[in-house]
Every structure is written in structure tokens, then in C-alpha cells.
>>> print(open('structure_29.txt').read())   # compact mmCIF, C-alpha atoms
# COMPACT_ATOMS: atom_id res chain seq x y z
CA MET A 418 -2.48 -27.70 62.57
CA HIS A 419 -5.54 -29.61 61.56
CA LYS A 420 -7.22 -26.43 60.35
CA ASP A 421 -4.19 -25.42 58.29
CA SER A 422 -3.91 -28.83 56.69
CA ASN A 423 -7.56 -28.77 55.69
CA ASN A 424 -7.18 -25.33 54.17
CA THR A 425 -4.39 -26.14 51.73
CA GLY A 426 -6.80 -26.35 48.79
CA GLY A 427 -8.49 -22.98 49.56
CA ALA A 428 -7.35 -19.44 50.33
CA PRO A 429 -4.29 -18.97 52.58
CA SER A 430 -5.15 -18.55 56.25
CA THR A 431 -2.35 -16.30 57.53
CA PRO A 432 -2.29 -12.53 56.74
CA ILE A 433 1.11 -12.75 54.98
CA ALA A 434 -0.04 -15.70 52.87
CA ARG A 435 -3.25 -13.88 51.94
CA LEU A 436 -1.26 -10.79 50.94
CA ARG A 437 1.03 -12.86 48.71
CA HIS A 438 -1.97 -14.65 47.23
CA ARG A 439 -3.68 -11.35 46.34
CA LYS A 440 -0.46 -10.01 44.80
CA ARG A 441 -0.02 -13.10 42.66
CA SER A 442 -3.68 -12.95 41.62
CA SER A 443 -3.50 -9.30 40.60
CA GLU A 444 -0.29 -9.92 38.63
CA ALA A 445 -1.86 -12.88 36.87
CA LEU A 446 -4.96 -10.81 36.10
CA GLY A 447 -2.80 -8.02 34.71
CA GLU A 448 -0.87 -10.41 32.50
CA ALA A 449 -4.09 -11.98 31.27
CA SER A 450 -5.49 -8.55 30.52
CA LYS A 451 -2.38 -7.65 28.54
CA GLU A 452 -2.50 -10.97 26.72
CA ASN A 453 -6.12 -10.46 25.74
CA GLY A 454 -5.38 -6.97 24.47
CA GLY A 455 -6.75 -4.49 27.04
CA ARG A 456 -10.04 -2.65 26.84
CA LEU A 457 -12.54 -2.37 24.03
CA LEU A 458 -13.34 1.11 22.74
CA VAL A 459 -16.90 0.86 24.00
CA ASN A 460 -15.53 0.59 27.56
CA ASP A 461 -12.77 3.21 27.19
CA HIS A 462 -13.66 6.30 29.23
CA SER A 463 -11.19 8.54 27.35
CA LYS A 464 -12.47 7.48 23.96
CA TYR A 465 -14.20 10.78 23.10
CA LYS A 466 -10.98 12.78 23.47
CA SER A 467 -9.00 10.31 21.37
CA MET A 468 -11.82 10.20 18.81
CA TRP A 469 -11.70 14.01 18.44
CA ILE A 470 -7.94 14.01 17.92
CA ARG A 471 -8.22 11.14 15.43
CA ALA A 472 -11.06 12.91 13.57
CA GLN A 473 -9.04 16.13 13.19
CA SER A 474 -6.07 14.22 11.78
CA THR A 475 -8.33 12.27 9.44
CA ILE A 476 -9.93 15.43 8.02
CA TRP A 477 -6.50 16.98 7.48
CA MET A 478 -5.20 13.86 5.73
CA ILE A 479 -8.28 13.49 3.49
CA GLY A 480 -8.09 17.17 2.47
CA SER A 481 -4.40 16.95 1.60
CA PHE A 482 -4.95 13.67 -0.24
CA ALA A 483 -7.78 15.15 -2.33
CA LEU A 484 -5.60 18.13 -3.31
CA VAL A 485 -2.75 15.87 -4.45
CA VAL A 486 -5.13 13.68 -6.48
CA TYR A 487 -6.52 16.77 -8.18
CA MET A 488 -3.00 17.86 -9.18
CA GLY A 489 -2.40 14.65 -11.12
CA HIS A 490 -0.31 11.55 -11.68
CA LEU A 491 3.16 12.93 -11.06
CA TYR A 492 2.15 14.61 -7.81
CA ILE A 493 0.45 11.43 -6.58
CA THR A 494 3.62 9.50 -7.42
CA ALA A 495 5.71 12.05 -5.52
CA MET A 496 3.37 11.67 -2.53
CA VAL A 497 3.80 7.88 -2.62
CA VAL A 498 7.60 8.26 -2.73
CA VAL A 499 7.56 10.62 0.28
CA ILE A 500 5.35 8.18 2.19
CA GLN A 501 7.73 5.33 1.38
CA ILE A 502 10.71 7.35 2.64
CA TYR A 503 8.93 8.11 5.91
CA MET A 504 7.93 4.46 6.29
CA ALA A 505 11.53 3.37 5.72
CA LYS A 506 12.73 5.90 8.28
CA GLU A 507 10.28 4.61 10.91
CA LEU A 508 11.21 0.98 10.27
CA PHE A 509 14.95 1.62 10.16
CA ASN A 510 14.71 3.32 13.56
CA LEU A 511 12.68 0.46 15.04
CA LEU A 512 15.71 -1.80 15.57
CA ARG A 513 18.29 0.94 15.85
CA LYS A 514 20.59 0.82 18.89
CA ALA A 515 22.32 4.06 19.80
CA ASN A 516 25.39 2.48 21.40
CA GLU A 517 26.13 0.31 18.39
CA GLU A 518 25.44 3.14 15.95
CA ARG A 519 28.04 5.33 17.64
CA GLN A 520 30.66 2.67 16.95
CA LEU A 521 29.64 2.41 13.29
CA PRO A 522 29.78 5.87 11.72
CA GLY A 523 28.13 5.96 8.32
CA PHE A 524 26.43 2.60 8.75
CA ARG A 525 22.95 4.19 8.63
CA LEU A 526 23.85 5.69 5.27
CA LEU A 527 24.29 2.16 3.92
CA ASN A 528 20.63 1.38 4.66
CA TRP A 529 19.54 4.36 2.61
CA HIS A 530 21.91 3.34 -0.20
CA PHE A 531 20.07 0.02 -0.52
CA PHE A 532 16.71 1.78 -0.26
CA PHE A 533 17.35 4.24 -3.10
CA THR A 534 18.93 1.50 -5.22
CA ALA A 535 15.72 -0.51 -4.85
CA MET A 536 13.69 2.61 -5.67
CA LEU A 537 15.71 3.18 -8.86
CA PHE A 538 15.25 -0.45 -9.92
CA VAL A 539 11.50 -0.74 -9.22
CA TYR A 540 10.45 2.65 -10.55
CA GLY A 541 12.75 2.29 -13.52
CA ARG A 542 10.93 -0.90 -14.47
CA ILE A 543 7.52 0.70 -13.98
CA LEU A 544 8.13 4.09 -15.62
CA ASN A 545 10.76 3.42 -18.32
CA GLN A 546 8.22 3.24 -21.17
CA ARG A 547 6.53 6.44 -20.01
CA LEU A 548 9.89 8.18 -19.73
CA TYR A 549 10.66 7.13 -23.29
CA ASN A 550 7.32 8.53 -24.48
CA THR A 551 8.03 11.84 -22.74
CA VAL A 552 11.54 12.59 -23.99
CA THR A 553 11.48 12.61 -27.79
CA SER A 554 12.46 16.14 -28.79
CA GLY A 555 16.16 16.73 -28.03
CA LYS A 556 18.46 14.21 -29.72
CA SER A 557 21.16 14.20 -27.00
CA LEU A 558 18.60 13.84 -24.21
CA TYR A 559 16.80 11.17 -26.21
CA GLN A 560 19.99 9.13 -26.57
CA LEU A 561 20.72 9.53 -22.86
CA VAL A 562 17.27 8.20 -21.95
CA ILE A 563 17.65 5.29 -24.37
CA SER A 564 21.00 4.40 -22.77
CA LEU A 565 19.60 4.63 -19.25
CA ILE A 566 16.70 2.36 -20.17
CA LYS A 567 18.95 -0.11 -21.95
CA TYR A 568 21.49 -0.36 -19.11
CA HIS A 569 19.01 0.14 -16.28
CA MET A 570 19.45 -3.32 -14.78
CA ALA A 571 23.23 -3.16 -15.05
CA ILE A 572 23.30 0.23 -13.28
CA CYS A 573 21.07 -0.99 -10.44
CA TYR A 574 23.05 -4.19 -10.02
CA SER A 575 26.31 -2.23 -9.90
CA LEU A 576 24.88 0.01 -7.18
CA TYR A 577 23.73 -3.01 -5.19
CA ILE A 578 27.13 -4.72 -5.48
CA ALA A 579 28.79 -1.48 -4.37
CA GLY A 580 26.55 -1.50 -1.30
CA PHE A 581 27.30 -5.15 -0.67
CA MET A 582 31.05 -4.50 -0.79
CA TRP A 583 30.58 -1.43 1.39
CA PHE A 584 28.83 -3.61 3.99
CA ILE A 585 31.60 -6.23 3.96
CA LEU A 586 34.36 -3.63 4.28
CA THR A 587 32.68 -1.98 7.28
CA LEU A 588 32.28 -5.19 9.32
CA LYS A 589 33.69 -4.60 12.76
CA LYS A 590 34.79 -7.11 15.37
CA LYS A 591 32.24 -7.70 18.16
CA MET A 592 29.61 -5.96 16.02
CA TYR A 593 28.99 -8.72 13.49
CA LYS A 594 25.65 -9.82 14.93
CA TYR A 595 24.24 -6.29 14.97
CA GLN A 596 25.50 -5.49 11.49
CA PHE A 597 24.16 -8.68 9.89
CA GLY A 598 20.88 -8.18 11.73
CA GLN A 599 20.58 -4.68 10.26
CA TYR A 600 21.50 -6.01 6.81
CA ALA A 601 18.71 -8.61 6.98
CA TRP A 602 16.27 -6.07 8.44
CA THR A 603 16.96 -3.63 5.60
CA HIS A 604 16.28 -6.28 2.96
CA MET A 605 13.08 -7.34 4.68
CA ILE A 606 11.86 -3.73 4.61
CA LEU A 607 12.66 -3.53 0.89
CA ILE A 608 10.90 -6.80 0.05
CA VAL A 609 7.87 -6.67 2.34
CA VAL A 610 7.21 -2.94 2.52
CA PHE A 611 8.78 -1.07 -0.39
CA THR A 612 8.09 -3.60 -3.14
CA GLN A 613 4.43 -3.99 -2.13
CA SER A 614 3.78 -0.27 -1.86
CA SER A 615 5.45 0.35 -5.23
CA PHE A 616 2.54 -1.39 -6.94
CA THR A 617 0.62 1.77 -6.04
CA VAL A 618 2.56 3.74 -8.68
CA ALA A 619 1.82 1.12 -11.33
CA ASN A 620 -1.88 1.47 -10.51
CA ILE A 621 -1.71 5.27 -10.77
CA PHE A 622 -0.51 5.23 -14.38
CA GLU A 623 -3.10 2.64 -15.39
CA GLY A 624 -5.69 5.25 -14.44
CA ILE A 625 -6.01 7.19 -11.19
CA VAL A 626 -9.25 5.35 -10.43
CA TRP A 627 -7.29 2.10 -9.94
CA PHE A 628 -5.28 3.84 -7.24
CA LEU A 629 -7.94 6.12 -5.77
CA LEU A 630 -10.77 3.60 -5.44
CA PRO A 631 -8.79 0.88 -3.56
CA ALA A 632 -7.11 3.47 -1.33
CA THR A 633 -10.46 5.11 -0.53
CA LEU A 634 -12.06 1.76 0.31
CA ILE A 635 -9.31 1.04 2.84
CA VAL A 636 -9.89 4.45 4.46
CA ILE A 637 -13.66 3.90 4.56
CA ASN A 638 -13.23 0.43 6.03
CA ASP A 639 -10.87 1.74 8.69
CA ILE A 640 -13.13 4.68 9.62
CA PHE A 641 -16.31 2.64 9.90
CA ALA A 642 -14.58 -0.19 11.73
CA TYR A 643 -13.56 2.44 14.29
CA ILE A 644 -17.03 4.07 14.41
CA CYS A 645 -19.00 0.80 14.65
CA GLY A 646 -16.58 -0.54 17.24
CA PHE A 647 -16.74 2.79 19.09
CA PHE A 648 -20.52 2.69 19.55
CA PHE A 649 -21.46 -0.99 19.28
CA GLY A 650 -18.28 -3.04 19.84
CA LYS A 651 -18.78 -5.81 22.40
CA THR A 652 -17.17 -8.94 20.95
CA PRO A 653 -13.37 -9.01 20.56
CA LEU A 654 -12.25 -9.94 17.04
CA ILE A 655 -8.60 -10.90 17.41
CA LYS A 656 -6.08 -10.72 20.24
CA LEU A 657 -3.42 -9.08 18.07
CA SER A 658 -5.62 -5.96 17.73
CA PRO A 659 -7.22 -5.50 21.16
CA LYS A 660 -9.79 -2.83 20.24
CA LYS A 661 -11.04 -4.54 17.05
CA THR A 662 -14.49 -6.11 17.42
CA TRP A 663 -16.76 -8.28 15.33
CA GLU A 664 -19.39 -5.53 15.33
CA GLY A 665 -16.86 -3.09 13.90
CA PHE A 666 -15.61 -5.63 11.35
CA ILE A 667 -19.09 -6.51 10.07
CA GLY A 668 -20.34 -2.92 10.04
CA ALA A 669 -17.26 -1.76 8.15
CA SER A 670 -17.57 -4.61 5.63
CA ILE A 671 -21.17 -3.71 4.75
CA THR A 672 -20.33 -0.01 4.47
CA THR A 673 -17.25 -0.71 2.33
CA MET A 674 -19.17 -2.89 -0.15
CA ILE A 675 -21.88 -0.26 -0.59
CA SER A 676 -19.27 2.49 -0.93
CA ALA A 677 -17.34 0.49 -3.55
CA PHE A 678 -20.41 0.15 -5.76
CA VAL A 679 -21.40 3.82 -5.44
CA LEU A 680 -17.92 5.35 -5.69
CA ALA A 681 -17.06 3.34 -8.81
CA ASN A 682 -20.08 4.89 -10.54
CA ILE A 683 -19.01 8.40 -9.52
CA MET A 684 -15.29 8.07 -10.29
CA GLY A 685 -15.90 6.18 -13.52
CA ARG A 686 -17.55 9.24 -15.12
CA PHE A 687 -14.40 11.42 -15.05
CA LEU A 688 -11.82 11.05 -17.83
CA TRP A 689 -9.15 12.53 -15.53
CA LEU A 690 -9.55 9.50 -13.29
CA THR A 691 -10.13 6.75 -15.86
CA CYS A 692 -7.66 7.56 -18.67
CA PRO A 693 -4.25 5.86 -18.39
CA ARG A 694 -1.19 8.10 -18.48
CA LYS A 695 1.24 7.02 -21.23
CA ASP A 696 3.95 9.58 -20.45
CA LEU A 697 5.26 11.71 -17.59
CA SER A 698 3.57 14.96 -18.60
CA THR A 699 1.01 16.84 -16.51
CA GLY A 700 -1.44 17.86 -19.23
CA TRP A 701 -5.15 17.14 -19.30
CA LEU A 702 -6.15 13.66 -20.42
CA GLN A 703 -8.51 12.77 -23.25
CA CYS A 704 -9.24 9.17 -24.20
CA ASP A 705 -11.93 6.70 -25.12
CA PRO A 706 -12.92 5.31 -21.72
CA GLY A 707 -13.87 1.97 -23.24
CA PRO A 708 -16.86 -0.23 -22.43
CA LEU A 709 -15.80 -0.59 -18.81
CA PHE A 710 -16.76 3.04 -18.11
CA LYS A 711 -19.79 3.37 -20.39
CA PRO A 712 -23.16 3.10 -18.62
CA GLU A 713 -25.51 0.20 -19.20
CA TYR A 714 -29.21 0.86 -18.57
CA PHE A 715 -31.51 -1.57 -16.78
CA THR A 716 -35.29 -1.25 -16.52
CA LEU A 717 -36.65 -1.85 -13.05
CA PRO A 718 -39.14 -4.74 -12.65
CA GLY A 719 -42.87 -4.08 -12.56
CA TRP A 720 -43.33 -4.88 -8.88
CA ILE A 721 -41.47 -1.68 -7.94
CA PRO A 722 -44.05 0.78 -6.45
CA GLN A 723 -45.33 3.53 -8.73
CA TRP A 724 -44.22 6.26 -6.38
CA PHE A 725 -40.57 5.21 -6.79
CA PRO A 726 -38.96 8.08 -8.81
CA TRP A 727 -36.69 5.93 -11.04
CA LYS A 728 -37.98 3.53 -13.69
CA GLU A 729 -34.51 2.55 -14.92
CA ILE A 730 -31.00 2.69 -13.53
CA SER A 731 -27.58 3.03 -15.15
CA ILE A 732 -24.65 0.89 -14.00
CA LEU A 733 -21.07 1.08 -15.16
CA PRO A 734 -19.47 -2.35 -15.73
CA VAL A 735 -16.56 -1.23 -13.55
CA GLN A 736 -18.95 -1.26 -10.58
CA TRP A 737 -19.00 -5.08 -10.61
CA HIS A 738 -15.21 -5.08 -10.46
CA ALA A 739 -15.42 -2.57 -7.62
CA LEU A 740 -17.42 -5.08 -5.58
CA CYS A 741 -14.45 -7.47 -5.76
CA LEU A 742 -12.15 -4.69 -4.58
CA GLY A 743 -14.58 -3.87 -1.78
CA LEU A 744 -14.76 -7.50 -0.71
CA PHE A 745 -10.99 -7.74 -0.51
CA ALA A 746 -10.74 -4.42 1.34
CA SER A 747 -13.32 -5.67 3.87
CA ILE A 748 -12.07 -9.19 4.58
CA ILE A 749 -8.45 -9.67 3.48
CA ALA A 750 -6.79 -6.24 3.66
CA PRO A 751 -7.42 -5.86 7.44
CA PHE A 752 -5.01 -8.77 7.93
CA GLY A 753 -2.27 -6.34 6.91
CA GLY A 754 -3.22 -4.37 10.01
CA PHE A 755 -3.28 -7.53 12.12
CA PHE A 756 0.20 -8.39 10.84
CA ALA A 757 1.44 -4.92 11.81
CA SER A 758 -0.18 -5.27 15.25
CA GLY A 759 1.56 -8.59 15.85
CA PHE A 760 4.80 -7.06 14.63
CA LYS A 761 4.50 -4.17 17.10
CA ARG A 762 3.72 -6.58 19.93
CA ALA A 763 6.81 -8.61 19.07
CA PHE A 764 8.97 -5.49 19.41
CA LYS A 765 6.95 -4.06 22.33
CA VAL A 766 6.03 -0.75 20.67
CA LYS A 767 2.63 0.92 20.60
CA ASP A 768 3.05 2.58 17.18
CA PHE A 769 5.69 2.71 14.47
CA GLY A 770 5.92 6.48 14.95
CA ASP A 771 4.08 9.56 16.17
CA SER A 772 3.93 11.72 13.06
CA ILE A 773 0.10 11.59 12.81
CA PRO A 774 -1.76 12.56 16.02
CA GLY A 775 -4.27 9.89 17.01
CA HIS A 776 -3.06 7.47 14.34
CA GLY A 777 0.60 6.82 15.13
CA GLY A 778 3.16 6.80 12.34
CA ILE A 779 2.91 6.69 8.56
CA THR A 780 3.46 2.91 8.62
CA ASP A 781 0.47 2.49 10.95
CA ARG A 782 -1.77 4.03 8.28
CA MET A 783 -0.24 2.19 5.33
CA ASP A 784 -0.24 -1.42 6.55
CA CYS A 785 -3.53 -2.34 4.85
CA GLN A 786 -2.85 -0.06 1.86
CA MET A 787 0.20 -2.13 0.85
CA VAL A 788 -1.79 -5.36 0.73
CA MET A 789 -4.58 -3.62 -1.16
CA ALA A 790 -2.23 -2.07 -3.74
CA VAL A 791 -0.80 -5.46 -4.73
CA PHE A 792 -4.26 -7.00 -5.06
CA ALA A 793 -5.59 -4.05 -7.11
CA TYR A 794 -2.68 -4.35 -9.55
CA ILE A 795 -2.95 -8.13 -9.93
CA TYR A 796 -6.75 -7.94 -10.29
CA HIS A 797 -6.51 -5.18 -12.91
CA GLN A 798 -3.88 -7.03 -14.95
CA SER A 799 -5.68 -10.39 -14.68
CA PHE A 800 -9.37 -9.52 -15.06
CA VAL A 801 -9.64 -6.00 -16.48
CA VAL A 802 -6.84 -5.40 -19.00
CA HIS A 803 -7.13 -7.20 -22.33
CA GLN A 804 -3.80 -8.93 -22.88
CA SER A 805 -3.10 -7.86 -26.45
CA VAL A 806 -0.19 -6.33 -28.36
CA SER A 807 -0.94 -2.96 -29.92
CA VAL A 808 0.67 -1.36 -32.98
CA ASP A 809 1.92 1.54 -30.87
CA MET A 810 3.55 -0.84 -28.42
CA LEU A 811 5.36 -2.69 -31.22
CA MET A 812 6.48 0.53 -32.89
CA GLU A 813 7.87 1.92 -29.65
CA GLN A 814 9.78 -1.32 -29.03
CA ILE A 815 11.23 -1.27 -32.55
CA LEU A 816 12.29 2.37 -32.39
CA ARG A 817 13.81 1.93 -28.97
CA SER A 818 15.67 -1.35 -29.53
CA LEU A 819 16.76 -1.48 -33.20
CA PRO A 820 19.34 0.76 -34.88
CA TYR A 821 18.34 2.67 -38.00
CA GLU A 822 19.76 0.11 -40.45
CA GLU A 823 17.79 -2.76 -38.88
CA GLN A 824 14.64 -0.63 -38.77
CA TYR A 825 15.00 -0.05 -42.52
CA THR A 826 15.59 -3.78 -43.12
CA LEU A 827 12.45 -4.61 -41.12
CA TYR A 828 10.49 -2.05 -43.13
CA MET A 829 11.58 -3.59 -46.44
CA ARG A 830 10.84 -7.15 -45.32
CA LEU A 831 7.38 -6.22 -44.04
CA GLY A 832 6.70 -4.56 -47.41
CA GLU A 833 7.75 -7.72 -49.26
CA MET A 834 5.58 -9.92 -47.00
CA ILE A 835 2.53 -7.73 -47.47
CA GLN A 836 3.05 -7.61 -51.24
CA GLY A 837 3.37 -11.39 -51.30
CA ARG A 838 0.04 -11.83 -49.50
CA LEU A 839 -1.74 -9.39 -51.83
CA THR A 840 -0.60 -11.18 -55.00
>>> encode(input="structure_29.txt", output="C-alpha cells")
Amino acid sequence: MHKDSNNTGGAPSTPIARLRHRKRSSEALGEASKENGGRLLVNDHSKYKSMWIRAQSTIWMIGSFALVVYMGHLYITAMVVVIQIYMAKELFNLLRKANEERQLPGFRLLNWHFFFTAMLFVYGRILNQRLYNTVTSGKSLYQLVISLIKYHMAICYSLYIAGFMWFILTLKKKMYKYQFGQYAWTHMILIVVFTQSSFTVANIFEGIVWFLLPATLIVINDIFAYICGFFFGKTPLIKLSPKKTWEGFIGASITTMISAFVLANIMGRFLWLTCPRKDLSTGWLQCDPGPLFKPEYFTLPGWIPQWFPWKEISILPVQWHALCLGLFASIIAPFGGFFASGFKRAFKVKDFGDSIPGHGGITDRMDCQMVMAVFAYIYHQSFVVHQSVSVDMLMEQILRSLPYEEQYTLYMRLGEMIQGRLT
């Protein structure tokens, strides 16, 4: 008895007690391991197989992406729409319960009704001016487009109200909690996912470079974070993403900044990438690229060795803007991935889907891209575009909004005002 009483602070003395103690210890260790996020890539013995699968998928995605970019603005927009549909499908299925769905026939269709209503509203706002510029030949078609643009908000609101009434009329006793949960979940997908990713289309029509460069920087950052973490990762970065390391984060940041500066110089020399698209046609683009894409030459200082082949270098002004994009892609955009990781942990899923071998679902690849698309649009509108009203913009607004009689009245009054200033 004396021995047992003295041993209460140490390991259990009886075989059964020791067995229970080891079981509790192993369970606690397992929970701690799960909490800390599992193994790092550098310690993963199956990492080479997973790396090969991931590399094959990456090459396939990059090749397909390059082909779509080469085909032009409308095809890139179509690709973005398809990606958004797949993302919505993955997220709708995340909280779907089969038993409840069987008792609510047609309820899933309501989610897609809200999704396509949001798509009509957002893309209508982004592309209405370009649609107007495209359809100018046939009078009947022209009037139809004018009416659609004029009543666009009313049409979208009517569709939303129809969906709202549809939801209320389908409420079923004992299913209220599930139905309202799905209603809230659908709206969160539309606000957090669809609205953010829709900024991508706005960037495309401002010039493909403002879509291609940010998207490419995210891909580069992701690839080199994986490679640097694969070979050198030792220090965990964040518990939400167990295989992310500080070595991978820092290595990817340096690589992304260098890539941003170099790629901006390469992309900025192609009119196909830099010219904005003012309509919805697919023809070749010709424009004045502006000072942002015209090279500035700098002579290298005298202390550069004589054997160095270049005595001066050319830099496009857009390259300095690219550094800001690269900095955001390196430091801030990865938090979109961390958010997605925390989200998956909350719902106890490994990936949002399995459509891309080695990568998971479409949503798993687009988490950082959504954050980056919003930043690229805001940065472009705030620090790149000159906020000025052009003659073409005013003329298009007049022709679209005023009837013929008021256009003639405006013409006469402008003539009188100009004559008055000349005399």
C-alpha cells in the first residue's frame, strides 16, 4: 500500500493501469498530431508519388489555360464561367443531405436559380457597354439590346423575387432548419465566391494582361511554395495548412516577386495582351499601348564590370506595378488558401472535390485566385487607369439613353454654346 501511495504521481504500477495509461497517451498524441496538422512534406515518405501526380495535372492545366488565353477574351470569359459553375456545384454539395433532399424535390433547382440570377446581374453590369458596342447593325436587335440594358436591374430583381417566393412556397414542416440553412449557404456562396471571382472578367476586358499576370503569379507562388516546402520545409507556417512551411512561404515569395518583374516585361510587349476589349467580338486588337507599356531606357552605372554584356536596360513602367501585384500574391493572397483550409477543417473534408488529380477540386485551386482577382481590379482602377471622361464614352451614353428628339435638342444647344464662346 505504501508503494502504491508513493507512486500516484508517476506511471501506474499495475499492468491494467499501465495499459490504460498507454492507450490514453497514444490517443492524446494522435489528437495533438491532428491538431497540429499532420506531417510536413519533407517527412512524407509517399511525397514523390503525390508530386508526380500533381505535376502531371499541373502541366495539363497550364497547357489548357495557355490555349484558352491564345483564343481570346470571350473564350477566357467562358472558361471563367465554367469554373464558377463547377465551384458552385462543389460548394452546393458540401452541405447537401441526401435524406432531406429526397423530401424536397426540386429544391436543388432553386439554388441554381439564384446562382444564374446573380450571374445575369453581375455580368450584365460588367459587359453591358461592350454588348452595346457590339450590336449596332440590325435595328430590331439594337432596340432589343437597348431595352435589356435599360431594364437589366428590373429583370434581375424580378428573377430574385420569383426565387424568394419559390423558396417560401416550398417550406415544409420539420424541414425549416435545413431549408433556411441552405438558403443562407447559397447566398454566402454568391457573395463570397461568385462575386469575388467575377472581378476576373472585368480584368479580362481591361486587357488580358491584367487577368493573366495576377493569375500566373498565384500559380507560380503555389508551385514554388510546394517545391521549396518539398525539399527544404522544416518549420510549420500555420496550423490551418499542415504542410505549409516558412521555408516554402519565403522561397515562393522571392520567386514570385522576380517572376512578376520579368513576366510584366514579356507580356507588356504584346498588343493582344495589353489592349482593352471594347466590344464582344473576337477580332485582332490594335491600339496605342500608352506610356505604361512603352520601354524606358536606363544606363547602367560605371562600376558595372566591362565584361557585362549590357550597358543599358529597358524597363516598362508596368513592371513597377507588377511588383505590387507580386507582393500581394506572395503575402496576402495565400490567406485565401488558409481560409479555405480552415473552412474544410470546420466541415471535416479533405478537399472540396476530386476533379483534379493531386489538387482536389476546382475550388481548391481557385481560393487564392478569387482574392487576387479583386485586388488586381481595385489596384488597376485606383492606380493605373486615369479617371477621365472621354468623348466616345459621352457619345455612347447619349445615343443609348436619349431619344432622337432630345439628341437633336442637345446638338442645337451645344452649337449655340460653342458659337457664344467664339464670339
>>> residues_around(input="structure_29.txt", residues="range 716-731 of chain A", least_positions_apart="6", cutoff="12 Å", atoms="all atoms listed in the file", output="PyMOL selection string")
chain A and resi 679+682-683+686+710
>>> write_last_selection(input="structure_29.txt", atoms="C-alpha atoms", output="mmCIF file, in the coordinates of the input")
data_model
loop_
_atom_site.group_PDB
_atom_site.id
_atom_site.type_symbol
_atom_site.label_atom_id
_atom_site.label_comp_id
_atom_site.auth_asym_id
_atom_site.auth_seq_id
_atom_site.Cartn_x
_atom_site.Cartn_y
_atom_site.Cartn_z
ATOM 1 C CA VAL A 679 -21.400 3.820 -5.440
ATOM 2 C CA ASN A 682 -20.080 4.890 -10.540
ATOM 3 C CA ILE A 683 -19.010 8.400 -9.520
ATOM 4 C CA ARG A 686 -17.550 9.240 -15.120
ATOM 5 C CA PHE A 710 -16.760 3.040 -18.110
#
>>> closest_residue(input="structure_29.txt", among="A:His738, A:Phe752, A:Ile779, A:Tyr600", to="Val499 in chain A", atoms="only C-alpha atoms")
A:Ile779
>>> atom_distance(input="structure_29.txt", atom1="CA of Thr672 in chain A", atom2="CA of Thr633 in chain A")
12.2 Å
>>> atom_distance(input="structure_29.txt", atom1="CA of Ser676 in chain A", atom2="CA of Leu630 in chain A")
9.7 Å
>>> residues_around(input="structure_29.txt", residues="Lys695 in chain A", least_positions_apart="5", cutoff="10 Å", atoms="only C-alpha atoms", output="ChimeraX atom specification")
/A:544,546-551,622-624,702
>>> residues_around(input="structure_29.txt", residues="Ala642 in chain A", least_positions_apart="2", cutoff="12 Å", atoms="all atoms listed in the file", output="number ranges by chain")
A: 458, 634-640, 644-650, 654, 660-673, 746-748, 751
>>> residues_near_point(input="structure_29.txt", point="(-3.6, -6.5, 16.3)", cutoff="6 Å", atoms="only C-alpha atoms", output="PyMOL selection string")
chain A and resi 657-658+755+758-759
>>> residues_around(input="structure_29.txt", residues="Val562 in chain A", least_positions_apart="3", cutoff="8 Å", atoms="all atoms listed in the file", output="number ranges by chain")
A: 548-549, 552, 558-559, 565-566
>>> build_atoms(input="structure_29.txt", residues="range 732-743 of chain A", atoms="N, CA, C and O atoms", output="short mmCIF file (atom, residue, chain, number, x, y, z; two decimals), in the frame of the given file")
data_model
loop_
_atom_site.label_atom_id
_atom_site.label_comp_id
_atom_site.auth_asym_id
_atom_site.auth_seq_id
_atom_site.Cartn_x
_atom_site.Cartn_y
_atom_site.Cartn_z
N ILE A 732 -25.75 1.50 -14.74
CA ILE A 732 -24.65 0.89 -14.00
C ILE A 732 -23.44 0.81 -14.92
O ILE A 732 -23.55 0.38 -16.08
N LEU A 733 -22.31 1.25 -14.42
CA LEU A 733 -21.07 1.08 -15.16
C LEU A 733 -20.53 -0.32 -14.91
O LEU A 733 -20.53 -0.79 -13.77
N PRO A 734 -20.04 -1.01 -15.94
CA PRO A 734 -19.47 -2.35 -15.73
C PRO A 734 -18.36 -2.38 -14.69
O PRO A 734 -18.15 -3.39 -14.02
N VAL A 735 -17.64 -1.26 -14.53
CA VAL A 735 -16.56 -1.23 -13.55
C VAL A 735 -17.09 -1.40 -12.13
O VAL A 735 -16.34 -1.79 -11.22
N GLN A 736 -18.38 -1.13 -11.92
CA GLN A 736 -18.95 -1.26 -10.58
C GLN A 736 -18.93 -2.70 -10.10
O GLN A 736 -18.80 -2.95 -8.89
N TRP A 737 -19.06 -3.67 -11.03
CA TRP A 737 -19.00 -5.08 -10.61
C TRP A 737 -17.58 -5.44 -10.20
O TRP A 737 -17.38 -6.22 -9.27
N HIS A 738 -16.59 -4.87 -10.89
CA HIS A 738 -15.21 -5.08 -10.46
C HIS A 738 -14.96 -4.42 -9.10
O HIS A 738 -14.20 -4.94 -8.28
N ALA A 739 -15.60 -3.28 -8.89
CA ALA A 739 -15.42 -2.57 -7.62
C ALA A 739 -15.91 -3.40 -6.44
O ALA A 739 -15.37 -3.30 -5.34
N LEU A 740 -16.93 -4.21 -6.66
CA LEU A 740 -17.42 -5.08 -5.58
C LEU A 740 -16.33 -6.07 -5.15
O LEU A 740 -16.20 -6.38 -3.96
N CYS A 741 -15.56 -6.56 -6.11
CA CYS A 741 -14.45 -7.47 -5.76
C CYS A 741 -13.39 -6.73 -4.95
O CYS A 741 -12.85 -7.27 -3.98
N LEU A 742 -13.09 -5.49 -5.35
CA LEU A 742 -12.15 -4.69 -4.58
C LEU A 742 -12.68 -4.42 -3.18
O LEU A 742 -11.93 -4.47 -2.19
N GLY A 743 -13.98 -4.12 -3.09
CA GLY A 743 -14.58 -3.87 -1.78
C GLY A 743 -14.57 -5.10 -0.90
O GLY A 743 -14.34 -5.00 0.32
#
